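K.L.:
Just so it is clear, I am handing over target20.cif, which has mmCIF, C-alpha atoms.
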```cif
data_final
loop_
_atom_site.label_atom_id
_atom_site.label_comp_id
_atom_site.auth_asym_id
_atom_site.auth_seq_id
_atom_site.Cartn_x
_atom_site.Cartn_y
_atom_site.Cartn_z
CA MET A 18 3.39 26.54 -34.08
CA ALA A 19 4.97 26.83 -37.51
CA HIS A 20 4.57 30.45 -38.55
CA VAL A 21 4.66 31.16 -42.26
CA ASN A 22 7.01 33.58 -43.97
CA GLU A 23 4.72 36.61 -44.02
CA HIS A 24 6.66 38.15 -46.90
CA TYR A 25 5.15 35.58 -49.26
CA ARG A 26 1.79 37.14 -48.52
CA SER A 27 3.05 40.41 -50.01
CA LEU A 28 3.37 38.74 -53.41
CA PRO A 29 0.69 39.05 -56.10
CA ALA A 30 -1.96 36.35 -55.83
CA GLY A 31 -0.33 34.19 -58.52
CA TYR A 32 2.90 34.13 -60.45
CA LEU A 33 2.33 35.39 -63.99
CA PHE A 34 2.94 32.22 -65.96
CA PRO A 35 0.91 29.83 -63.76
CA GLU A 36 -1.97 32.31 -64.04
CA ILE A 37 -1.67 32.21 -67.82
CA GLY A 38 -1.68 28.42 -67.64
CA ARG A 39 -4.78 28.43 -65.45
CA ARG A 40 -6.72 30.62 -67.88
CA VAL A 41 -5.59 28.61 -70.88
CA ARG A 42 -6.58 25.31 -69.24
CA ALA A 43 -9.99 26.67 -68.34
CA TYR A 44 -10.57 27.84 -71.90
CA GLN A 45 -9.33 24.57 -73.36
CA GLN A 46 -11.64 22.55 -71.11
CA ALA A 47 -14.59 24.69 -72.18
CA HIS A 48 -13.57 24.56 -75.86
CA PRO A 49 -11.81 21.21 -76.39
CA ASP A 50 -11.82 21.56 -80.20
CA ALA A 51 -9.98 24.90 -80.19
CA LYS A 52 -6.48 24.55 -81.66
CA LEU A 53 -4.40 26.93 -79.59
CA ILE A 54 -1.10 28.45 -80.70
CA ARG A 55 1.06 29.32 -77.73
CA LEU A 56 3.21 32.41 -78.14
CA GLY A 57 3.19 33.25 -74.45
CA ILE A 58 5.75 31.43 -72.30
CA GLY A 59 9.16 31.58 -73.96
CA ASP A 60 9.88 27.88 -74.30
CA VAL A 61 11.83 26.60 -77.29
CA VAL A 62 10.40 24.10 -79.78
CA LEU A 63 13.34 22.98 -81.95
CA PRO A 64 15.11 19.75 -80.87
CA LEU A 65 18.61 19.68 -79.46
CA VAL A 66 21.19 20.05 -82.22
CA PRO A 67 23.20 16.99 -83.40
CA ALA A 68 26.44 18.13 -81.74
CA VAL A 69 24.68 18.24 -78.37
CA ILE A 70 23.04 14.83 -78.86
CA GLU A 71 26.39 13.30 -79.80
CA ALA A 72 28.03 14.81 -76.71
CA LEU A 73 25.25 13.44 -74.51
CA HIS A 74 25.64 9.95 -75.97
CA ARG A 75 29.41 10.02 -75.46
CA ALA A 76 28.97 11.17 -71.88
CA VAL A 77 26.41 8.46 -71.14
CA ASP A 78 28.81 5.83 -72.48
CA GLU A 79 31.58 7.22 -70.27
CA LEU A 80 29.36 7.07 -67.21
CA ALA A 81 28.72 3.39 -67.93
CA THR A 82 32.38 2.54 -67.28
CA PRO A 83 34.33 2.43 -64.01
CA GLU A 84 36.99 4.71 -65.51
CA GLY A 85 34.53 7.27 -66.87
CA PHE A 86 31.95 7.33 -64.10
CA LYS A 87 31.37 10.72 -62.44
CA GLY A 88 29.51 11.52 -59.24
CA TYR A 89 29.10 15.00 -57.83
CA ALA A 90 30.36 17.69 -60.17
CA PRO A 91 33.01 20.18 -58.97
CA ASP A 92 31.44 23.09 -57.09
CA GLN A 93 31.89 25.62 -59.90
CA GLY A 94 31.80 23.29 -62.88
CA TYR A 95 34.16 21.01 -64.80
CA ASP A 96 37.32 22.60 -66.16
CA PHE A 97 36.46 21.62 -69.73
CA LEU A 98 33.31 23.76 -69.63
CA LEU A 99 34.92 26.64 -67.73
CA ASP A 100 37.72 26.71 -70.31
CA ALA A 101 35.23 26.71 -73.20
CA ILE A 102 33.26 29.57 -71.62
CA GLN A 103 36.40 31.62 -71.12
CA LYS A 104 37.55 31.06 -74.68
CA HIS A 105 34.36 31.34 -76.69
CA ASP A 106 32.09 33.63 -74.65
CA TYR A 107 34.70 36.11 -73.43
CA ARG A 108 38.08 36.10 -75.16
CA THR A 109 36.37 36.36 -78.55
CA ARG A 110 34.99 39.71 -77.26
CA GLY A 111 38.32 40.83 -75.83
CA VAL A 112 37.36 40.04 -72.23
CA GLU A 113 39.39 38.01 -69.73
CA ILE A 114 37.48 36.10 -67.06
CA ALA A 115 39.23 33.71 -64.67
CA GLY A 116 37.95 30.15 -64.39
CA ASP A 117 37.32 30.51 -60.67
CA GLU A 118 35.06 33.51 -61.34
CA ILE A 119 32.58 31.33 -63.28
CA PHE A 120 29.88 29.30 -61.52
CA VAL A 121 28.01 26.73 -63.62
CA SER A 122 24.38 26.28 -62.57
CA ASP A 123 21.10 24.74 -63.70
CA GLY A 124 19.51 27.97 -64.92
CA SER A 125 19.66 31.77 -65.02
CA LYS A 126 16.17 31.99 -63.55
CA GLN A 127 17.45 30.25 -60.44
CA ASP A 128 20.61 32.36 -60.33
CA SER A 129 18.77 35.66 -60.83
CA GLY A 130 16.41 34.67 -58.02
CA ASN A 131 19.09 33.36 -55.68
CA ILE A 132 21.68 36.12 -56.11
CA GLN A 133 19.75 38.41 -53.74
CA GLU A 134 20.64 36.06 -50.87
CA ILE A 135 24.19 37.45 -50.69
CA PHE A 136 22.97 41.03 -50.08
CA GLY A 137 21.70 42.58 -46.87
CA LEU A 138 18.00 43.06 -46.26
CA ASP A 139 18.55 46.81 -46.00
CA CYS A 140 19.79 47.06 -49.60
CA LYS A 141 17.75 49.25 -51.91
CA VAL A 142 16.88 47.35 -55.10
CA LEU A 143 16.39 48.96 -58.51
CA VAL A 144 14.52 47.44 -61.45
CA SER A 145 13.06 48.68 -64.71
CA ASP A 146 9.28 48.53 -65.12
CA PRO A 147 8.14 46.36 -66.91
CA VAL A 148 10.43 43.74 -65.42
CA TYR A 149 11.07 40.00 -65.43
CA PRO A 150 8.99 39.04 -62.35
CA VAL A 151 11.67 36.92 -60.66
CA TYR A 152 13.82 39.97 -59.88
CA VAL A 153 11.02 41.55 -57.85
CA ASP A 154 9.29 38.50 -56.40
CA THR A 155 12.42 36.95 -54.86
CA ASN A 156 13.27 40.22 -53.14
CA VAL A 157 9.70 40.35 -51.83
CA MET A 158 10.06 36.77 -50.53
CA ALA A 159 13.27 37.73 -48.74
CA GLY A 160 11.62 40.67 -46.97
CA ARG A 161 13.59 43.37 -48.76
CA ALA A 162 10.78 44.92 -50.82
CA GLY A 163 8.09 45.91 -48.37
CA LYS A 164 4.38 46.19 -49.09
CA ALA A 165 3.00 46.94 -52.53
CA ASP A 166 0.91 50.01 -53.25
CA ALA A 167 -2.34 50.05 -55.22
CA ALA A 168 -0.41 50.01 -58.50
CA GLY A 169 1.59 46.96 -57.42
CA ARG A 170 4.92 48.70 -56.75
CA HIS A 171 6.78 47.79 -53.57
CA ALA A 172 8.03 50.49 -51.21
CA GLY A 173 11.51 48.98 -50.89
CA ILE A 174 12.15 48.84 -54.65
CA LEU A 175 13.08 51.70 -56.94
CA TYR A 176 11.26 51.40 -60.28
CA LEU A 177 12.47 53.02 -63.49
CA ALA A 178 9.87 53.37 -66.21
CA ALA A 179 10.89 51.62 -69.43
CA ASN A 180 8.70 53.16 -72.09
CA GLU A 181 8.51 54.20 -75.71
CA ALA A 182 10.14 57.57 -74.94
CA ASN A 183 13.37 55.96 -73.71
CA GLY A 184 13.30 53.00 -76.08
CA PHE A 185 12.31 50.70 -73.19
CA ALA A 186 15.89 51.08 -71.89
CA PRO A 187 16.03 53.75 -69.17
CA ASP A 188 19.20 55.52 -68.13
CA PRO A 189 20.32 55.27 -64.51
CA PRO A 190 18.51 57.60 -62.09
CA ALA A 191 19.93 60.53 -60.17
CA GLU A 192 19.26 58.78 -56.86
CA ARG A 193 21.21 55.89 -55.46
CA ALA A 194 20.38 52.22 -55.04
CA ASP A 195 22.47 49.30 -53.83
CA VAL A 196 21.57 46.51 -56.28
CA ALA A 197 20.28 47.14 -59.81
CA TYR A 198 18.95 44.48 -62.19
CA LEU A 199 19.62 44.95 -65.90
CA CYS A 200 18.43 42.56 -68.60
CA SER A 201 19.80 42.93 -72.14
CA PRO A 202 18.45 41.84 -74.55
CA ASN A 203 15.47 42.58 -72.41
CA ASN A 204 12.71 40.28 -71.28
CA PRO A 205 9.91 41.30 -71.82
CA THR A 206 10.41 44.35 -74.07
CA GLY A 207 13.06 43.03 -76.49
CA SER A 208 15.16 46.20 -76.14
CA VAL A 209 18.96 46.03 -76.02
CA LEU A 210 21.49 48.24 -74.21
CA ASP A 211 24.18 49.76 -76.41
CA LYS A 212 27.71 50.50 -75.24
CA ALA A 213 27.06 54.13 -74.36
CA ARG A 214 24.10 53.28 -72.15
CA LEU A 215 25.98 50.48 -70.41
CA GLU A 216 28.85 52.87 -69.80
CA ARG A 217 26.42 55.21 -68.03
CA TRP A 218 25.15 52.35 -65.88
CA VAL A 219 28.68 51.28 -64.92
CA ALA A 220 29.60 54.89 -64.08
CA TRP A 221 26.44 55.18 -61.94
CA ALA A 222 27.23 51.95 -60.11
CA ARG A 223 30.81 53.03 -59.43
CA LYS A 224 29.62 56.43 -58.18
CA HIS A 225 27.07 54.95 -55.77
CA ASP A 226 29.07 51.84 -54.81
CA ALA A 227 26.23 49.73 -56.21
CA VAL A 228 26.21 46.27 -57.80
CA LEU A 229 24.70 45.61 -61.23
CA ILE A 230 23.07 42.22 -61.81
CA PHE A 231 23.40 41.84 -65.58
CA ASP A 232 21.12 39.18 -67.04
CA ALA A 233 22.41 38.29 -70.52
CA ALA A 234 20.34 35.14 -71.02
CA TYR A 235 19.46 36.20 -74.59
CA ASP A 236 22.88 37.45 -75.72
CA ALA A 237 22.93 34.98 -78.66
CA TYR A 238 20.11 36.97 -80.30
CA ILE A 239 22.20 40.13 -80.71
CA GLY A 240 22.78 40.47 -84.44
CA ASP A 241 24.82 43.70 -84.43
CA PRO A 242 28.49 43.01 -83.59
CA THR A 243 28.90 46.55 -82.23
CA LEU A 244 26.39 45.88 -79.44
CA PRO A 245 27.89 44.47 -76.22
CA ARG A 246 27.11 40.87 -75.37
CA SER A 247 28.82 41.11 -71.99
CA ILE A 248 28.85 43.93 -69.49
CA TYR A 249 32.54 43.21 -69.02
CA GLU A 250 33.15 44.78 -72.42
CA ILE A 251 32.64 48.05 -70.52
CA GLU A 252 35.66 49.44 -68.68
CA GLY A 253 35.24 49.30 -64.91
CA ALA A 254 32.43 46.73 -64.95
CA ARG A 255 34.48 44.03 -63.23
CA ALA A 256 34.40 46.13 -60.06
CA CYS A 257 30.62 46.49 -59.96
CA ALA A 258 28.83 43.83 -62.04
CA ILE A 259 27.71 40.22 -61.78
CA GLU A 260 26.76 38.61 -65.11
CA MET A 261 24.47 35.68 -65.89
CA ARG A 262 24.21 33.70 -69.12
CA SER A 263 22.17 30.67 -70.12
CA PHE A 264 22.18 27.82 -72.64
CA SER A 265 18.36 27.67 -72.58
CA LYS A 266 17.55 30.02 -75.45
CA ARG A 267 20.87 29.89 -77.29
CA ALA A 268 20.80 26.09 -77.63
CA GLY A 269 17.42 24.77 -76.54
CA PHE A 270 18.41 23.75 -73.00
CA THR A 271 15.12 24.74 -71.35
CA GLY A 272 14.62 21.10 -70.39
CA LEU A 273 18.28 20.10 -70.11
CA ARG A 274 19.17 23.02 -67.78
CA CYS A 275 22.56 24.70 -67.81
CA ALA A 276 23.69 28.28 -67.23
CA TYR A 277 26.44 30.15 -65.48
CA THR A 278 27.09 33.25 -63.39
CA VAL A 279 30.30 35.30 -63.37
CA VAL A 280 31.35 37.07 -60.17
CA PRO A 281 34.69 38.90 -60.63
CA ARG A 282 37.06 39.06 -57.69
CA GLU A 283 37.06 42.86 -57.79
CA CYS A 284 33.29 43.02 -57.19
CA THR A 285 32.72 43.64 -53.48
CA GLY A 286 30.15 44.58 -50.88
CA THR A 287 30.55 45.95 -47.38
CA THR A 288 29.78 44.63 -43.92
CA ALA A 289 27.91 46.71 -41.35
CA ALA A 290 31.34 47.63 -39.95
CA GLY A 291 32.52 48.87 -43.35
CA GLU A 292 34.78 45.94 -44.23
CA ARG A 293 35.08 45.14 -47.93
CA VAL A 294 34.04 41.57 -48.79
CA PRO A 295 34.46 39.91 -52.22
CA LEU A 296 31.01 38.90 -53.43
CA ARG A 297 32.59 35.95 -55.21
CA GLU A 298 33.34 34.33 -51.84
CA LEU A 299 29.75 34.74 -50.67
CA TRP A 300 28.31 33.32 -53.90
CA ALA A 301 30.78 30.42 -53.75
CA ARG A 302 29.64 29.63 -50.23
CA ARG A 303 25.99 29.89 -51.19
CA MET A 304 26.44 27.55 -54.17
CA SER A 305 28.50 24.96 -52.31
CA THR A 306 25.97 24.93 -49.46
CA LYS A 307 22.75 24.76 -51.49
CA PHE A 308 23.71 23.19 -54.82
CA ASN A 309 25.39 19.94 -55.85
CA GLY A 310 26.35 20.90 -59.37
CA VAL A 311 25.13 20.36 -62.93
CA PRO A 312 25.41 16.72 -64.11
CA TYR A 313 28.49 15.71 -66.07
CA LEU A 314 26.60 14.80 -69.22
CA VAL A 315 24.78 18.17 -69.24
CA GLN A 316 28.08 20.03 -68.88
CA ARG A 317 29.50 18.01 -71.78
CA ALA A 318 26.44 19.00 -73.81
CA ALA A 319 26.99 22.66 -72.91
CA GLU A 320 30.64 22.40 -73.93
CA ALA A 321 29.52 21.07 -77.33
CA VAL A 322 27.43 24.23 -77.84
CA LEU A 323 30.61 26.32 -77.53
CA LEU A 324 32.74 24.24 -79.91
CA PRO A 325 32.77 25.13 -83.65
CA GLU A 326 30.22 22.62 -84.97
CA GLY A 327 27.88 23.07 -82.03
CA ARG A 328 28.08 26.86 -82.30
CA LYS A 329 27.22 26.68 -85.99
CA GLN A 330 24.21 24.44 -85.36
CA ALA A 331 22.96 26.46 -82.38
CA ASP A 332 23.39 29.72 -84.30
CA GLU A 333 21.19 28.31 -87.05
CA GLN A 334 18.42 27.70 -84.51
CA VAL A 335 18.81 31.22 -83.15
CA ALA A 336 18.57 32.54 -86.72
CA PHE A 337 15.35 30.54 -87.20
CA TYR A 338 13.76 32.10 -84.12
CA ARG A 339 14.97 35.57 -85.11
CA GLU A 340 13.29 35.12 -88.50
CA ASN A 341 10.11 34.13 -86.68
CA ALA A 342 10.38 37.36 -84.70
CA ARG A 343 10.93 39.38 -87.87
CA ARG A 344 7.84 37.87 -89.50
CA LEU A 345 5.74 38.46 -86.41
CA GLY A 346 6.85 42.08 -86.24
CA GLN A 347 6.23 42.68 -89.93
CA GLY A 348 2.80 41.02 -89.87
CA LEU A 349 1.61 42.75 -86.72
CA THR A 350 2.79 46.13 -88.00
CA ALA A 351 0.89 45.52 -91.23
CA ALA A 352 -2.20 44.81 -89.12
CA GLY A 353 -1.85 48.20 -87.45
CA PHE A 354 -0.24 47.21 -84.16
CA ARG A 355 2.53 49.27 -82.57
CA VAL A 356 5.43 46.79 -82.28
CA PHE A 357 8.73 47.00 -80.38
CA GLY A 358 11.60 44.55 -79.90
CA GLY A 359 11.96 41.38 -81.92
CA VAL A 360 15.22 42.45 -83.61
CA HIS A 361 17.95 41.44 -81.16
CA ALA A 362 15.61 39.38 -78.97
CA PRO A 363 13.10 36.54 -79.36
CA TYR A 364 10.34 38.68 -77.83
CA LEU A 365 8.06 41.33 -79.28
CA TRP A 366 6.45 43.99 -77.10
CA VAL A 367 3.17 45.13 -78.61
CA ARG A 368 0.49 47.69 -77.74
CA THR A 369 -2.93 46.14 -77.20
CA ALA A 370 -5.71 46.81 -79.69
CA GLY A 371 -8.52 49.26 -79.04
CA GLY A 372 -7.15 50.50 -75.74
CA LEU A 373 -7.89 47.17 -74.06
CA SER A 374 -6.17 46.30 -70.80
CA SER A 375 -3.46 43.67 -71.02
CA TRP A 376 -5.57 40.90 -69.48
CA ASP A 377 -8.70 41.85 -71.45
CA PHE A 378 -6.66 41.68 -74.65
CA PHE A 379 -5.20 38.34 -73.53
CA ASP A 380 -8.72 36.96 -73.07
CA ARG A 381 -9.93 38.29 -76.42
CA LEU A 382 -6.87 36.99 -78.27
CA LEU A 383 -7.39 33.59 -76.67
CA ALA A 384 -11.14 33.44 -77.32
CA GLU A 385 -11.26 34.88 -80.85
CA ALA A 386 -7.87 34.03 -82.38
CA HIS A 387 -6.98 31.01 -80.21
CA VAL A 388 -3.53 32.54 -79.68
CA VAL A 389 -1.85 32.67 -76.26
CA ALA A 390 0.19 35.79 -75.50
CA THR A 391 1.62 37.18 -72.25
CA PRO A 392 -0.19 40.18 -70.71
CA GLY A 393 2.18 43.10 -70.25
CA ALA A 394 0.64 44.00 -66.89
CA GLY A 395 2.09 40.76 -65.53
CA PHE A 396 5.55 42.34 -65.85
CA GLY A 397 4.68 45.38 -63.77
CA PRO A 398 2.38 48.42 -63.77
CA ALA A 399 4.21 50.05 -66.71
CA GLY A 400 3.42 46.96 -68.78
CA GLU A 401 -0.29 47.74 -68.75
CA GLY A 402 -1.63 48.22 -72.26
CA PHE A 403 0.99 45.92 -73.82
CA PHE A 404 1.40 42.23 -74.51
CA ARG A 405 4.46 40.09 -75.18
CA LEU A 406 4.75 37.56 -77.98
CA SER A 407 7.42 34.88 -78.17
CA ALA A 408 9.08 33.81 -81.43
CA PHE A 409 9.67 30.32 -80.08
CA ASN A 410 7.42 28.25 -82.30
CA SER A 411 7.31 26.52 -85.66
CA ARG A 412 7.23 28.65 -88.81
CA GLU A 413 3.84 27.16 -89.65
CA ASN A 414 2.39 28.22 -86.31
CA ILE A 415 3.90 31.70 -86.56
CA GLU A 416 2.25 32.24 -89.95
CA GLU A 417 -1.06 30.77 -88.78
CA ALA A 418 -1.06 32.90 -85.62
CA LEU A 419 -0.48 36.02 -87.71
CA ALA A 420 -3.31 35.10 -90.08
CA ARG A 421 -5.68 34.59 -87.14
CA ILE A 422 -4.72 37.88 -85.47
CA GLN A 423 -5.14 39.75 -88.74
CA ARG A 424 -8.56 38.18 -89.26
CA VAL A 425 -9.72 39.19 -85.79
CA PHE A 426 -8.24 42.68 -85.60
CA GLY A 427 -7.70 43.56 -89.26
CA ARG A 428 -6.05 46.84 -90.17
CA ARG A 429 -6.64 49.25 -87.28
#
```
Do you think you could lay out the structure here as structure tokens?

P.N.:
Amino acid sequence: MAHVNEHYRSLPAGYLFPEIGRRVRAYQQAHPDAKLIRLGIGDVVLPLVPAVIEALHRAVDELATPEGFKGYAPDQGYDFLLDAIQKHDYRTRGVEIAGDEIFVSDGSKQDSGNIQEIFGLDCKVLVSDPVYPVYVDTNVMAGRAGKADAAGRHAGILYLAANEANGFAPDPPAERADVAYLCSPNNPTGSVLDKARLERWVAWARKHDAVLIFDAAYDAYIGDPTLPRSIYEIEGARACAIEMRSFSKRAGFTGLRCAYTVVPRECTGTTAAGERVPLRELWARRMSTKFNGVPYLVQRAAEAVLLPEGRKQADEQVAFYRENARRLGQGLTAAGFRVFGGVHAPYLWVRTAGGLSSWDFFDRLLAEAHVVATPGAGFGPAGEGFFRLSAFNSRENIEEALARIQRVFGRR
């Protein structure tokens, strides 16, 4: 008899975004004439920039020749992309990362979900609340998290409240944990960790011999040059941090799929016998066993994003989305909403109107304004009473969504 993995039964009934999709489909079927504006799931809308399209065409032409044909990609990525990452994402910030410490993948969501596989099931996991659901759900699936209580928190996970009092960016706790997930700029709250706060997290990790999983998928949205884009800008981080970055939101690769994870050689874990083991070796083994690499033409496209013309074009798209976020924040504030984020991130974290629950507000916003948001409760118990809006849309839709919300809720 094929027994199921019982840990899956400890998960919430449905993953957040499919549940949003289910509700939206049901509403659309009942109201086929409603013109919905989707500001929920953070998918980009602008087309791939010309430099990326040109790189894709060149790569396709290469693959059509015996001399240029490529099969499986190298385990960690092609040297041309690794070199570009080293030069443009790290050396420009005064950070040195070796090529063999970079692992090119097909997405940070996958990497942030898969990274838990290299840690023991007895590891204590720390997350902020609200939290990107993948960090929690994949640890639940693995059997590391235990049962959830009535509020939805799992016994095997340490939750730190991210709230208005701490700027939605909590400091490390007094107690220890083994693996801590940090996301900056943050999804869903749009907060960003400054250098001082990251220094406290690195010091905490070094003190407790913990590993930080630093998700920097939205680093391109940081507008202040004094804010760190990489955790490796913090002294000592190479010994305790794994970093993930993505081309999805910096260059519209949500459909093309390319990202990378950095695992420094100094970053280690211990065996049950106390032996120190480089985590890089475990991640390399995991990737070579379960992944066959990102296609050549996609890696050429990613390289183009890091070269001067591609960077310029991609930065213009980021600036467009940041302006969308600014307009959303300004308009919602004018309508009386309490708004957070949206400055160094494409997401705005907003208090619901009239004390409504997150899902009740979602339903009202959908039914009365025909706008799709993301209920804050879907990101954890501390997200109750909030909703997340995405700036990934056309300028026309952003302005129309604001006008609809203001008509429905007015000045509160």

K.L.:
Any chance you could resolve the PyMOL selection byres ((chain A and resi 251) around 10) against this file and give the residues as a PyMOL selection string?

P.N.:
chain A and resi 112+212-213+215-220+245+247-250+252-255

K.L.:
Please produce a file of those selected residues containing C-alpha atoms, as a short mmCIF file (atom, residue, chain, number, x, y, z; two decimals), in the frame of the given file.

P.N.:
```
data_model
loop_
_atom_site.label_atom_id
_atom_site.label_comp_id
_atom_site.auth_asym_id
_atom_site.auth_seq_id
_atom_site.Cartn_x
_atom_site.Cartn_y
_atom_site.Cartn_z
CA VAL A 112 37.36 40.04 -72.23
CA LYS A 212 27.71 50.50 -75.24
CA ALA A 213 27.06 54.13 -74.36
CA LEU A 215 25.98 50.48 -70.41
CA GLU A 216 28.85 52.87 -69.80
CA ARG A 217 26.42 55.21 -68.03
CA TRP A 218 25.15 52.35 -65.88
CA VAL A 219 28.68 51.28 -64.92
CA ALA A 220 29.60 54.89 -64.08
CA PRO A 245 27.89 44.47 -76.22
CA SER A 247 28.82 41.11 -71.99
CA ILE A 248 28.85 43.93 -69.49
CA TYR A 249 32.54 43.21 -69.02
CA GLU A 250 33.15 44.78 -72.42
CA GLU A 252 35.66 49.44 -68.68
CA GLY A 253 35.24 49.30 -64.91
CA ALA A 254 32.43 46.73 -64.95
CA ARG A 255 34.48 44.03 -63.23
#
```

K.L.:
Show which residues sit within 12 Å of Leu345 of chain A, as a PyMOL selection string. Count all atoms listed in the file, and ignore same-chain residues fewer than 4 positions away.

P.N.:
chain A and resi 56+338-341+349-352+354-360+363-367+405-410+412-420+422-423

K.L.:
Hey, which of A:Ala319, A:Val335, A:Ala90, A:Leu28 ends up closest to Ala165 of chain A? Count all atoms listed in the file.

P.N.:
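Between A:Ala319, A:Val335, A:Ala90, A:Leu28, the residue approaching Ala165 of chain A most closely is A:Leu28.
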
K.L.:
Can you tell me how far atom CA of Arg282 of chain A sits from atom CA of Gly124 of chain A, in Å to one decimal?

P.N.:
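Spanning atom CA of Arg282 of chain A to atom CA of Gly124 of chain A is a straight-line distance of 22.0 Å.
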
K.L.:
Counting all atoms listed in the file, figure out which residue out of A:Leu382, A:His387, A:Phe86, A:Pro398 gets nearest to Phe426 of chain A.

P.N.:
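Ranking A:Leu382, A:His387, A:Phe86, A:Pro398 by distance to Phe426 of chain A, first place goes to A:Leu382.
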
K.L.:
Per residue of segment 291-346 of chain A within 12 Å of segment 260-265 of chain A, note the shortest atom pair and the distance in Å to one decimal, counting all atoms listed in the file, and order the rows by chain and increasing residue number, as a tab-separated table.

P.N.:
```
residue	atom	partner	partner_atom	distance
A:Arg297	CA	A:Glu260	CA	11.8
A:Val315	CA	A:Phe264	CA	10.6
A:Gln316	CA	A:Phe264	CA	10.5
A:Ala318	CA	A:Phe264	CA	9.9
A:Ala319	CA	A:Phe264	CA	7.1
A:Glu320	CA	A:Phe264	CA	10.1
A:Ala321	CA	A:Phe264	CA	11.0
A:Val322	CA	A:Phe264	CA	8.2
A:Leu323	CA	A:Phe264	CA	9.9
A:Gly327	CA	A:Phe264	CA	12.0
A:Arg328	CA	A:Phe264	CA	11.4
A:Ala331	CA	A:Phe264	CA	9.9
A:Asp332	CA	A:Phe264	CA	11.9
A:Gln334	CA	A:Ser265	CA	11.9
A:Val335	CA	A:Ser265	CA	11.2
```

K.L.:
Using only C-alpha atoms, please write the residues we just selected to a file, as an mmCIF file, in the frame of the given file.

P.N.:
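Output file selection.cif follows:
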```cif
data_model
loop_
_atom_site.group_PDB
_atom_site.id
_atom_site.type_symbol
_atom_site.label_atom_id
_atom_site.label_comp_id
_atom_site.auth_asym_id
_atom_site.auth_seq_id
_atom_site.Cartn_x
_atom_site.Cartn_y
_atom_site.Cartn_z
ATOM 1 C CA ARG A 297 32.590 35.950 -55.210
ATOM 2 C CA VAL A 315 24.780 18.170 -69.240
ATOM 3 C CA GLN A 316 28.080 20.030 -68.880
ATOM 4 C CA ALA A 318 26.440 19.000 -73.810
ATOM 5 C CA ALA A 319 26.990 22.660 -72.910
ATOM 6 C CA GLU A 320 30.640 22.400 -73.930
ATOM 7 C CA ALA A 321 29.520 21.070 -77.330
ATOM 8 C CA VAL A 322 27.430 24.230 -77.840
ATOM 9 C CA LEU A 323 30.610 26.320 -77.530
ATOM 10 C CA GLY A 327 27.880 23.070 -82.030
ATOM 11 C CA ARG A 328 28.080 26.860 -82.300
ATOM 12 C CA ALA A 331 22.960 26.460 -82.380
ATOM 13 C CA ASP A 332 23.390 29.720 -84.300
ATOM 14 C CA GLN A 334 18.420 27.700 -84.510
ATOM 15 C CA VAL A 335 18.810 31.220 -83.150
#
```
